[in-house]
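my_file.txt follows (compact mmCIF, C-alpha atoms):
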# COMPACT_ATOMS: atom_id res chain seq x y z
CA MET B 1 45.76 51.23 13.93
CA ILE B 2 43.40 52.06 16.78
CA PHE B 3 40.51 51.66 14.35
CA GLU B 4 41.77 48.18 13.48
CA LYS B 5 41.75 47.27 17.16
CA ILE B 6 38.26 48.69 17.67
CA LEU B 7 37.01 46.80 14.61
CA SER B 8 38.40 43.52 15.81
CA LEU B 9 36.35 43.71 19.01
CA SER B 10 33.29 41.77 17.97
CA LYS B 11 31.29 40.03 15.30
CA LYS B 12 28.76 42.90 15.28
CA GLU B 13 31.37 45.41 14.22
CA GLN B 14 32.63 43.07 11.54
CA GLU B 15 29.08 42.77 10.21
CA VAL B 16 28.72 46.56 10.12
CA THR B 17 31.95 47.07 8.18
CA ASP B 18 30.98 44.25 5.79
CA ASN B 19 27.65 45.99 5.20
CA MET B 20 29.34 49.37 4.70
CA ARG B 21 31.66 47.76 2.12
CA GLU B 22 28.64 46.17 0.42
CA HIS B 23 26.91 49.59 0.39
CA ILE B 24 29.83 51.29 -1.40
CA LYS B 25 30.21 48.35 -3.81
CA LEU B 26 26.52 48.67 -4.63
CA LEU B 27 27.11 52.36 -5.32
CA CYS B 28 29.88 51.46 -7.79
CA SER B 29 27.51 49.00 -9.51
CA ALA B 30 24.80 51.68 -9.67
CA CYS B 31 27.22 54.16 -11.28
CA TYR B 32 28.32 51.48 -13.76
CA LEU B 33 24.71 50.72 -14.60
CA PHE B 34 23.93 54.41 -15.05
CA ARG B 35 26.87 54.93 -17.38
CA THR B 36 26.01 51.84 -19.47
CA ALA B 37 22.34 52.83 -19.74
CA LEU B 38 23.31 56.37 -20.79
CA GLU B 39 25.85 55.10 -23.33
CA LYS B 40 23.41 52.62 -24.88
CA ASP B 41 20.44 54.96 -24.44
CA ASP B 42 18.69 52.02 -22.74
CA ARG B 43 15.72 53.33 -20.75
CA ASN B 44 14.79 49.90 -19.35
CA LEU B 45 18.26 49.46 -17.96
CA MET B 46 18.07 52.94 -16.42
CA ARG B 47 14.86 51.96 -14.59
CA ASN B 48 16.84 49.28 -12.72
CA LEU B 49 18.54 52.09 -10.80
CA ILE B 50 15.33 52.61 -8.83
CA ASP B 51 15.65 49.03 -7.48
CA LEU B 52 19.28 49.62 -6.56
CA GLU B 53 18.32 52.75 -4.62
CA ARG B 54 15.77 50.70 -2.64
CA GLU B 55 18.43 48.09 -1.93
CA SER B 56 20.72 50.86 -0.71
CA ASP B 57 18.00 52.11 1.67
CA SER B 58 17.64 48.66 3.11
CA ILE B 59 21.43 48.29 3.64
CA ARG B 60 21.53 51.75 5.29
CA ARG B 61 18.73 50.80 7.73
CA GLU B 62 20.50 47.54 8.56
CA ILE B 63 23.82 49.29 9.23
CA ILE B 64 22.27 51.98 11.41
CA SER B 65 20.22 49.54 13.44
CA LYS B 66 23.27 47.31 13.98
CA ILE B 67 25.34 50.30 15.08
CA TYR B 68 22.73 51.40 17.62
CA ASP B 69 22.27 47.78 18.67
CA GLY B 70 25.70 48.01 20.27
CA ALA B 71 28.33 47.87 17.54
CA PHE B 72 31.21 50.29 18.20
CA LEU B 73 31.80 52.62 21.09
CA PRO B 74 29.03 55.23 21.48
CA TYR B 75 31.27 58.17 20.57
CA LEU B 76 31.99 56.60 17.16
CA ARG B 77 28.41 55.84 16.22
CA PRO B 78 27.22 59.29 15.00
CA ASP B 79 30.24 59.67 12.67
CA LEU B 80 29.79 56.21 11.18
CA CYS B 81 26.05 56.78 10.72
CA ARG B 82 26.69 60.15 9.07
CA PHE B 83 29.09 58.55 6.57
CA VAL B 84 26.51 55.88 5.70
CA GLU B 85 23.86 58.57 5.22
CA ILE B 86 26.14 60.56 2.88
CA VAL B 87 26.72 57.42 0.76
CA ASP B 88 22.96 56.85 0.72
CA HIS B 89 22.47 60.45 -0.41
CA VAL B 90 24.61 59.67 -3.48
CA PHE B 91 22.11 56.91 -4.34
CA ASP B 92 19.23 59.38 -3.97
CA VAL B 93 20.86 61.88 -6.34
CA LEU B 94 21.75 59.12 -8.80
CA GLU B 95 18.12 57.97 -8.77
CA ASP B 96 16.93 61.58 -9.34
CA THR B 97 19.34 61.83 -12.29
CA ALA B 98 17.90 58.61 -13.73
CA HIS B 99 14.37 60.03 -13.40
CA TYR B 100 15.36 63.26 -15.19
CA TYR B 101 16.90 61.15 -17.94
CA LEU B 102 13.70 59.10 -18.27
CA ASP B 103 11.52 62.24 -18.28
CA GLY B 104 13.47 64.12 -20.93
CA LYS B 105 15.83 63.67 -23.86
CA ILE B 106 19.55 64.38 -23.77
CA PRO B 107 20.53 66.54 -26.77
CA GLU B 108 23.18 64.94 -29.02
CA GLN B 109 25.47 68.00 -28.62
CA ILE B 110 26.10 67.24 -24.94
CA LYS B 111 25.63 63.46 -24.82
CA ASN B 112 29.34 62.58 -24.99
CA GLU B 113 30.21 64.97 -22.16
CA CYS B 114 27.40 63.51 -20.00
CA ILE B 115 28.72 59.97 -20.64
CA ARG B 116 32.18 61.20 -19.67
CA ILE B 117 30.87 62.58 -16.37
CA ALA B 118 29.05 59.27 -15.73
CA TYR B 119 32.37 57.46 -16.33
CA LEU B 120 34.22 59.77 -13.93
CA ASN B 121 31.43 59.32 -11.34
CA LEU B 122 32.10 55.57 -11.48
CA LYS B 123 35.84 56.16 -11.03
CA ILE B 124 35.34 58.50 -8.06
CA CYS B 125 33.08 55.91 -6.36
CA GLU B 126 35.69 53.18 -6.94
CA MET B 127 38.22 55.49 -5.28
CA LEU B 128 35.84 55.95 -2.32
CA LEU B 129 35.85 52.16 -1.88
CA ILE B 130 39.67 52.13 -1.95
CA THR B 131 39.68 54.94 0.65
CA PHE B 132 37.25 53.04 2.88
CA GLU B 133 39.41 49.88 2.71
CA ALA B 134 42.50 51.96 3.53
CA MET B 135 40.71 53.43 6.56
CA LEU B 136 39.88 49.95 7.85
CA LYS B 137 43.57 49.07 7.63
CA GLY B 138 44.43 52.27 9.50
CA ASP B 139 46.42 53.63 6.53
CA ASP B 140 47.02 57.32 5.81
CA LEU B 141 44.18 58.54 3.55
CA ARG B 142 45.92 61.65 2.21
CA GLU B 143 46.75 60.22 -1.25
CA LYS B 144 43.30 58.64 -1.60
CA THR B 145 41.34 61.79 -0.76
CA LEU B 146 43.58 63.79 -3.10
CA ALA B 147 42.70 61.39 -5.96
CA ILE B 148 39.01 61.94 -5.19
CA ARG B 149 39.51 65.72 -5.32
CA ILE B 150 41.28 65.38 -8.70
CA TYR B 151 38.29 63.50 -10.15
CA GLU B 152 35.92 66.06 -8.64
CA LYS B 153 37.86 68.94 -10.21
CA LYS B 154 37.80 67.18 -13.59
CA ILE B 155 34.01 66.83 -13.37
CA ASP B 156 33.68 70.47 -12.28
CA ASP B 157 35.62 71.60 -15.36
CA ILE B 158 33.28 69.64 -17.64
CA LYS B 159 30.27 71.02 -15.74
CA PHE B 160 31.15 74.66 -16.44
CA SER B 161 31.71 73.94 -20.11
CA LEU B 162 28.40 72.01 -20.27
CA ILE B 163 26.54 74.92 -18.69
CA LYS B 164 27.91 77.20 -21.41
CA ASP B 165 26.89 74.69 -24.07
CA ILE B 166 23.31 74.28 -22.90
CA HIS B 167 22.74 78.03 -23.26
CA LYS B 168 22.97 77.47 -27.01
CA ILE B 169 20.54 74.55 -27.14
CA PRO B 170 16.99 75.58 -28.07
CA VAL B 171 14.19 74.20 -25.88
CA SER B 172 10.55 74.02 -26.91
CA ASN B 173 9.05 74.77 -23.49
CA PHE B 174 9.88 75.61 -19.86
CA TRP B 175 9.69 72.01 -18.60
CA GLU B 176 12.00 70.63 -21.26
CA GLY B 177 14.62 73.20 -20.25
CA LYS B 178 14.07 72.62 -16.56
CA ILE B 179 14.44 68.84 -16.84
CA LEU B 180 17.65 69.21 -18.85
CA SER B 181 19.05 71.71 -16.36
CA ASP B 182 18.09 69.47 -13.41
CA PHE B 183 19.64 66.44 -15.14
CA ILE B 184 22.99 68.20 -15.55
CA SER B 185 22.86 69.64 -12.06
CA SER B 186 22.19 66.19 -10.51
CA LEU B 187 24.75 64.41 -12.65
CA THR B 188 27.46 66.85 -11.62
CA THR B 189 26.47 66.92 -7.93
CA ILE B 190 27.28 63.23 -7.39
CA SER B 191 31.04 63.85 -7.29
CA ASP B 192 30.56 66.69 -4.74
CA ILE B 193 28.74 64.33 -2.37
CA VAL B 194 31.35 61.57 -2.85
CA GLU B 195 33.99 64.18 -1.99
CA ASP B 196 32.04 65.01 1.19
CA ALA B 197 31.93 61.28 2.02
CA SER B 198 35.70 60.99 1.57
CA ASP B 199 36.25 64.04 3.79
CA TYR B 200 34.14 62.30 6.40
CA LEU B 201 36.28 59.17 6.18
CA GLN B 202 39.28 61.38 6.77
CA ILE B 203 37.60 62.91 9.83
CA ILE B 204 36.77 59.44 11.21
CA ASN B 205 40.34 58.31 10.55
CA VAL B 206 41.86 61.33 12.29
CA SER B 207 39.48 61.08 15.25
CA MET B 208 40.72 57.53 15.85
CA LYS B 209 44.31 58.66 16.39
CA MET J 210 45.82 53.85 -16.28
CA LYS J 211 44.83 54.63 -19.86
CA VAL J 212 44.87 58.03 -21.50
CA GLN J 213 41.11 58.04 -22.06
CA GLU J 214 40.47 58.18 -18.30
CA LEU J 215 41.83 61.70 -17.86
CA MET J 216 41.86 63.21 -21.34
CA THR J 217 39.79 66.31 -22.04
CA THR J 218 37.24 65.56 -24.72
CA LYS J 219 35.94 69.08 -25.18
CA ILE J 220 38.50 70.64 -27.50
CA GLU J 221 38.28 74.30 -28.33
CA SER J 222 39.35 75.10 -31.87
CA VAL J 223 39.87 77.96 -34.29
CA ASP J 224 40.10 78.05 -38.10
CA ALA J 225 43.56 78.65 -39.55
CA ASP J 226 42.38 81.68 -41.53
CA ARG J 227 41.15 83.55 -38.42
CA THR J 228 43.33 86.24 -36.85
CA VAL J 229 45.50 85.79 -33.79
CA TYR J 230 43.25 88.37 -32.10
CA ASP J 231 40.29 85.96 -32.49
CA ALA J 232 42.37 83.20 -30.91
CA VAL J 233 43.42 85.44 -27.98
CA GLU J 234 39.80 86.44 -27.41
CA LYS J 235 38.70 82.79 -27.27
CA MET J 236 41.56 81.69 -25.03
CA VAL J 237 41.04 84.49 -22.52
CA ASP J 238 37.25 84.00 -22.55
CA ARG J 239 37.51 80.23 -21.96
CA ARG J 240 40.56 80.51 -19.69
CA ILE J 241 42.56 77.99 -21.70
CA ARG J 242 46.16 78.03 -22.86
CA SER J 243 45.90 76.40 -26.28
CA LEU J 244 43.55 75.95 -29.22
CA MET J 245 43.37 73.30 -31.90
CA VAL J 246 43.79 74.89 -35.33
CA ARG J 247 41.67 73.58 -38.21
CA PHE J 248 43.32 73.81 -41.61
CA PRO J 249 41.14 73.38 -44.67
CA GLY J 250 41.16 69.97 -46.35
CA LYS J 251 41.20 66.39 -45.14
CA ASP J 252 40.72 64.99 -41.62
CA LEU J 253 43.64 65.23 -39.24
CA ASN J 254 44.80 68.42 -40.96
CA TYR J 255 45.20 70.08 -37.59
CA GLY J 256 47.69 72.26 -35.82
CA ILE J 257 47.93 73.76 -32.39
CA ILE J 258 48.40 77.32 -31.15
CA THR J 259 49.46 78.01 -27.58
CA ALA J 260 49.64 81.12 -25.38
CA ARG J 261 53.42 80.80 -25.71
CA ASP J 262 53.22 80.99 -29.54
CA ILE J 263 51.07 84.12 -29.35
CA VAL J 264 53.23 85.93 -26.81
CA PHE J 265 56.62 85.03 -28.34
CA LYS J 266 55.79 85.07 -32.07
CA VAL J 267 53.37 88.02 -32.17
CA LEU J 268 53.09 90.22 -29.08
CA ALA J 269 56.78 90.26 -28.08
CA LYS J 270 57.70 91.18 -31.66
CA GLY J 271 55.32 94.13 -31.64
CA LEU J 272 53.11 92.66 -34.37
CA ASN J 273 49.42 93.51 -34.52
CA PRO J 274 47.41 90.36 -33.64
CA ASN J 275 44.73 91.53 -36.07
CA ASP J 276 47.22 91.33 -38.97
CA VAL J 277 48.55 87.82 -38.27
CA LYS J 278 46.61 84.70 -39.22
CA VAL J 279 46.45 81.79 -36.77
CA GLY J 280 47.71 79.39 -39.47
CA GLU J 281 50.94 81.39 -39.82
CA ILE J 282 52.11 80.74 -36.27
CA ALA J 283 50.43 77.40 -35.44
CA SER J 284 52.59 74.32 -34.90
CA LYS J 285 51.93 71.50 -37.34
CA PRO J 286 51.67 68.49 -37.53
CA VAL J 287 50.33 67.69 -34.08
CA ALA J 288 51.55 64.78 -31.97
CA CYS J 289 48.90 62.05 -31.55
CA ILE J 290 48.48 58.99 -29.35
CA GLY J 291 45.78 56.28 -29.07
CA LYS J 292 43.15 56.41 -26.30
CA ASN J 293 44.36 53.09 -24.84
CA ALA J 294 47.96 54.24 -24.42
CA ALA J 295 49.39 54.17 -20.90
CA MET J 296 50.20 57.40 -19.08
CA ASN J 297 53.94 56.70 -19.11
CA GLU J 298 53.83 56.33 -22.93
CA VAL J 299 52.28 59.81 -23.20
CA ALA J 300 54.89 61.23 -20.84
CA SER J 301 57.65 59.75 -23.02
CA LEU J 302 56.08 61.14 -26.19
CA MET J 303 55.77 64.60 -24.60
CA GLU J 304 59.41 64.46 -23.62
CA LYS J 305 60.47 63.31 -27.11
CA LYS J 306 58.38 65.91 -28.96
CA LYS J 307 58.98 68.64 -26.36
CA ASN J 308 55.20 69.23 -26.24
CA ALA J 309 53.08 69.98 -23.19
CA ARG J 310 49.93 68.68 -24.88
CA ILE J 311 49.31 65.57 -26.95
CA PHE J 312 46.17 64.91 -28.98
CA VAL J 313 44.31 61.64 -28.53
CA CYS J 314 43.28 60.18 -31.88
CA GLU J 315 41.01 57.39 -33.03
CA ASN J 316 40.24 56.40 -36.63
CA GLU J 317 41.91 59.50 -38.10
CA LYS J 318 39.91 61.79 -35.80
CA ILE J 319 40.97 63.80 -32.75
CA ILE J 320 38.86 62.70 -29.77
CA GLY J 321 40.68 64.39 -26.91
CA ILE J 322 43.73 66.16 -25.58
CA ILE J 323 46.00 65.31 -22.68
CA SER J 324 48.24 67.82 -20.92
CA LEU J 325 51.15 67.80 -18.48
CA MET J 326 48.73 68.51 -15.62
CA ASP J 327 46.66 65.45 -16.60
CA ILE J 328 49.81 63.31 -16.49
CA MET J 329 50.59 64.58 -12.98
CA ALA J 330 46.97 64.01 -11.88
CA GLY J 331 47.14 60.51 -13.37
CA ALA J 332 50.34 59.77 -11.46
CA LEU J 333 48.68 60.77 -8.16
CA ILE J 334 45.59 58.67 -8.86
CA MET J 335 47.74 55.66 -9.73
CA ARG J 336 49.64 56.03 -6.44
CA ALA J 337 46.33 56.17 -4.57
CA ARG J 338 45.20 52.98 -6.32
CA GLY J 339 48.48 51.26 -5.56
CA GLU J 340 49.43 51.06 -9.25
CA HIS J 341 52.96 52.10 -10.11
CA ASP J 342 53.29 52.77 -13.84
CA PHE J 343 55.73 55.62 -13.35

Could you write out this structure as structure tokens?
Amino acid sequence: MIFEKILSLSKKEQEVTDNMREHIKLLCSACYLFRTALEKDDRNLMRNLIDLERESDSIRREIISKIYDGAFLPYLRPDLCRFVEIVDHVFDVLEDTAHYYLDGKIPEQIKNECIRIAYLNLKICEMLLITFEAMLKGDDLREKTLAIRIYEKKIDDIKFSLIKDIHKIPVSNFWEGKILSDFISSLTTISDIVEDASDYLQIINVSMK
Amino acid sequence: MKVQELMTTKIESVDADRTVYDAVEKMVDRRIRSLMVRFPGKDLNYGIITARDIVFKVLAKGLNPNDVKVGEIASKPVACIGKNAAMNEVASLMEKKKNARIFVCENEKIIGIISLMDIMAGALIMRARGEHDF
């Protein structure tokens, strides 16, 4: 409720929250694009992720400069900036994952499980957007952050089974194995960072009360 | 919410002619409570063996798990549901069949499995989204 009051103070704050919403929506679009490109094995589509990451950088800069230009009370600014940086970090990891995909080849044995993780990454980002909207309304975030943890646990379970599976896949050289390992590691790290972002929303929400 | 969102697609299985000991070894190693049992023959000729089956039908009776074949104690046929079914439909089917796990099937093939825990997780996610299927 207090957050609602703080947000209704000025146009600047409204602009910042609109940009933050746009940032998370862009993240959902990026996850959707990643999943579609992986499903269709479309390398050109996957390259578009690099443009989305640049767009995310530009939104992040805009948000941070608006915040330090006087939006919000000073004590709130570092927390809001940190949240925006965590969301931006998800874009960075997603872009890295796209690069690993473009550099290597995903073995057929694990392709379906990777698509499944990409699908769950999209769902967890959609839940982050729902959590953000709930925070703006001053709602309790407990149910929302729990849903994010459920998705994260689901991805973790698939990760451990994938790691076991890749031990059985023959690789022709060191780099092929490294790229595959890095691809899986990046793909499964996205949900961890989104979970961190949701924890941060919870911290911001609690600190308002 | 549809079943495909939370189903587990990686299904561990064992052949019906393997021993219960093999099944126990796999379940303990993978930390899972059930295995899909493959019977020879056509597609969808599957069964399921759970930790409960092993403990009640073999160990509690003092039988040697090396002497009992998985096919002898597996439950068959398995209950199946489509990937686009709603979570409340699965919950009803589980209640009707008295099963804690339901297979997800598409075109005569098993593509996933959904458990009681998945149903509970689904219910929590739906609440968080503001959907109220249950």

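Between atom CA of Leu94 of chain B and atom CA of Tyr32 of chain B there is a distance of 11.2 Å.
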
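Taking atom CA of Phe72 of chain B and atom CA of Ala197 of chain B as the two end points, the separation is 19.6 Å.
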
Interface, chain J side, toward chain B (7 Å; only C-alpha atoms) as a list in words: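 Therefore, the residues near the partner are Ala330, Leu333, Ile334 and Ala337 of chain J.
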
Interatomic distance, atom CA of Ile311 of chain J to atom CA of Ser324 of chain J (Å, one decimal):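 Between atom CA of Ile311 of chain J and atom CA of Ser324 of chain J the gap works out to 6.5 Å.
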
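Using only C-alpha atoms, the smallest distance between any of B:Leu201, B:Val90, B:Asp140, B:Glu13 and Leu73 of chain B comes from B:Glu13.
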